[in-house]
Amino acid sequence: MEELKRIIEEKGKVLSDQVLKTDSFLNHSVDPAIMDHIGREFAGHFRDAGITKVVTIESGGIAPALMTAMHLGVPMVFVKKARPITMDAPLTASVHSFTKNRDYELCVEQGLIEAGDNVLFIDDFLANGDAFKGILTLLDQAQAHLAGAGICIEKSWQRGRKTIRDLGIPLYVLASIRSMSDAGIVWGQG
Ligand code: 5GP
């Protein structure tokens with residue numbers, strides 16, 4: 001998606017050869033117009049997949065997931081990274097955070113994802129695929145089916161892509177980074 005790549009080049013900050021900061025338009029401050037276009041793009045790609053629910057993880061995935069759900073005309077559920085006291089007997093999965101380098105517990109209220117749901121997972125970044133694997137664990141517990149994964153930005157040298165493809169899950173990525181450094185971003189799959 002050329003528009004997303006342009007915004008990343010204009011507003012993204014390469015913090016290291018492993019981490020890209022996109023806080024000014026994607027996962028802290030959010031650009032509604034680009035989120036609308038991202039949602040339209042994912043919805044168009046998965047339009048015929050019979051999606052019943054879009055699922056993401058708070059907080060970076062919420063904006064693109066919501067817009068995707070709106071364009072598909074289905075509900076969106078965001079999985080939480082900390083369990084509120086109001087949440088009774090949630091479904092849970094342990095996940096390693098790439099950006100925070102610690103483990104945390106994903107949790108979702110029982111019943112929000114139902115047996116038979118045909119789920120599209122949307123996230124802001126794909127790195128090692130740990131968030132994806134956590135979602136898969138939750139969906140298994142809910143007896144829901146994962147129909148596909150839509151990722152805004154992948155760092156293609158990390159192992160997330162292989163994890164998803166090895167499971168045979170359809171993957172649609174809007175912007176693939178082959179490598180990045182102070183000199184800039186090289187687009188493509190590594
Ligand atoms: P994974 O679980 O695939 O290793 O990492 C994906 C998650 O880590 C995403 O949900 C995203 O929040 C975060 N993440 C991974 N790499 C980056 C990055 O380069 N920049 C930002 N802002 N977040 C990242």
# chains A, B, ... in the order shown; residues from 1 in each chain; ligands from 1

call {"tool": "residues_near_ligand", "arguments": {"ligand": "ligand 1", "cutoff": "10 Å", "atoms": "only C-alpha atoms and all ligand atoms", "output": "VMD selection string"}}
result
chain A and resid 12 to 23 26 to 28 56 to 61 95 to 101 122 to 135 151 to 155 158 to 161 163

call {"tool": "closest_residue", "arguments": {"among": "A:Met67, A:Ile62, A:Val108, A:Ile34", "to": "Leu4 of chain A", "atoms": "only C-alpha atoms"}}
result
A:Ile34

call {"tool": "select_by_dssp", "arguments": {"residues": "segment 98-185 of chain A", "states": "helix (DSSP H, G or I)", "output": "count of residues only"}}
result
20

call {"tool": "closest_residue", "arguments": {"among": "A:Thr92, A:Ser156, A:Thr68, A:Ser181", "to": "Asp36 of chain A", "atoms": "only C-alpha atoms"}}
result
A:Thr68

call {"tool": "residues_around", "arguments": {"residues": "segment 80-89 of chain A", "least_positions_apart": "4", "cutoff": "6 Å", "atoms": "only C-alpha atoms", "output": "ChimeraX atom specification"}}
result
/A:58,105-107

call {"tool": "closest_residue", "arguments": {"among": "A:Met35, A:Val30, A:Ala175, A:Ala93", "to": "Leu66 of chain A", "atoms": "only C-alpha atoms"}}
result
A:Met35

call {"tool": "residues_around", "arguments": {"residues": "segment 43-53 of chain A", "least_positions_apart": "2", "cutoff": "8 Å", "atoms": "only C-alpha atoms", "output": "list in words"}}
result
Gly39, Arg40, Glu41, Val55, Thr68, Ala69, His71, Leu72, Val74, Pro75, Met76, Val77, Ile113, Asp117, Asn118, Val119, Leu120, Ala147, Gly148 and Tyr172 of chain A

call {"tool": "select_by_dssp", "arguments": {"residues": "segment 3-141 of chain A", "states": "strand (DSSP E)", "output": "MDAnalysis selection string"}}
result
chainID A and resid 13:14 20:21 53:57 76:79 91:96 103:108 118:126

call {"tool": "decode", "arguments": {"residues": "segment 100-114 of chain A", "atoms": "N, CA, C and O atoms", "output": "mmCIF file, in the first residue's frame"}}
result
data_model
loop_
_atom_site.group_PDB
_atom_site.id
_atom_site.type_symbol
_atom_site.label_atom_id
_atom_site.label_comp_id
_atom_site.auth_asym_id
_atom_site.auth_seq_id
_atom_site.Cartn_x
_atom_site.Cartn_y
_atom_site.Cartn_z
ATOM 1 N N LYS A 100 8.431 -4.473 24.620
ATOM 2 C CA LYS A 100 8.688 -4.281 26.061
ATOM 3 C C LYS A 100 9.624 -5.347 26.616
ATOM 4 O O LYS A 100 10.070 -5.264 27.758
ATOM 5 N N ASN A 101 9.909 -6.370 25.798
ATOM 6 C CA ASN A 101 10.796 -7.472 26.174
ATOM 7 C C ASN A 101 10.428 -8.087 27.529
ATOM 8 O O ASN A 101 11.270 -8.248 28.415
ATOM 9 N N ARG A 102 9.149 -8.371 27.687
ATOM 10 C CA ARG A 102 8.692 -9.100 28.886
ATOM 11 C C ARG A 102 7.430 -9.876 28.512
ATOM 12 O O ARG A 102 6.795 -9.591 27.492
ATOM 13 N N ASP A 103 7.102 -10.847 29.349
ATOM 14 C CA ASP A 103 5.893 -11.621 29.088
ATOM 15 C C ASP A 103 4.685 -10.919 29.700
ATOM 16 O O ASP A 103 4.814 -10.233 30.728
ATOM 17 N N TYR A 104 3.562 -11.067 29.092
ATOM 18 C CA TYR A 104 2.327 -10.538 29.666
ATOM 19 C C TYR A 104 1.196 -11.495 29.320
ATOM 20 O O TYR A 104 1.371 -12.409 28.508
ATOM 21 N N GLU A 105 0.035 -11.273 29.971
ATOM 22 C CA GLU A 105 -1.084 -12.177 29.766
ATOM 23 C C GLU A 105 -2.152 -11.525 28.902
ATOM 24 O O GLU A 105 -2.679 -10.464 29.253
ATOM 25 N N LEU A 106 -2.440 -12.140 27.767
ATOM 26 C CA LEU A 106 -3.567 -11.686 26.958
ATOM 27 C C LEU A 106 -4.836 -12.197 27.604
ATOM 28 O O LEU A 106 -4.870 -13.346 28.067
ATOM 29 N N CYS A 107 -5.882 -11.384 27.647
ATOM 30 C CA CYS A 107 -7.137 -11.913 28.174
ATOM 31 C C CYS A 107 -8.338 -11.309 27.469
ATOM 32 O O CYS A 107 -8.295 -10.153 27.032
ATOM 33 N N VAL A 108 -9.352 -12.127 27.351
ATOM 34 C CA VAL A 108 -10.597 -11.681 26.712
ATOM 35 C C VAL A 108 -11.767 -12.334 27.440
ATOM 36 O O VAL A 108 -11.702 -13.505 27.826
ATOM 37 N N GLU A 109 -12.766 -11.538 27.647
ATOM 38 C CA GLU A 109 -13.992 -12.007 28.323
ATOM 39 C C GLU A 109 -14.593 -13.188 27.552
ATOM 40 O O GLU A 109 -14.692 -13.122 26.320
ATOM 41 N N GLN A 110 -14.957 -14.215 28.289
ATOM 42 C CA GLN A 110 -15.604 -15.360 27.620
ATOM 43 C C GLN A 110 -16.897 -14.909 26.958
ATOM 44 O O GLN A 110 -17.627 -14.087 27.498
ATOM 45 N N GLY A 111 -17.142 -15.437 25.770
ATOM 46 C CA GLY A 111 -18.396 -15.117 25.089
ATOM 47 C C GLY A 111 -18.247 -14.029 24.041
ATOM 48 O O GLY A 111 -19.067 -13.919 23.132
ATOM 49 N N LEU A 112 -17.174 -13.197 24.151
ATOM 50 C CA LEU A 112 -17.014 -12.148 23.133
ATOM 51 C C LEU A 112 -16.538 -12.750 21.817
ATOM 52 O O LEU A 112 -16.853 -12.253 20.738
ATOM 53 N N ILE A 113 -15.733 -13.802 21.915
ATOM 54 C CA ILE A 113 -15.373 -14.579 20.723
ATOM 55 C C ILE A 113 -16.046 -15.937 20.904
ATOM 56 O O ILE A 113 -15.811 -16.622 21.902
ATOM 57 N N GLU A 114 -16.891 -16.298 19.940
ATOM 58 C CA GLU A 114 -17.750 -17.469 20.134
ATOM 59 C C GLU A 114 -17.317 -18.652 19.278
ATOM 60 O O GLU A 114 -16.662 -18.472 18.238
#
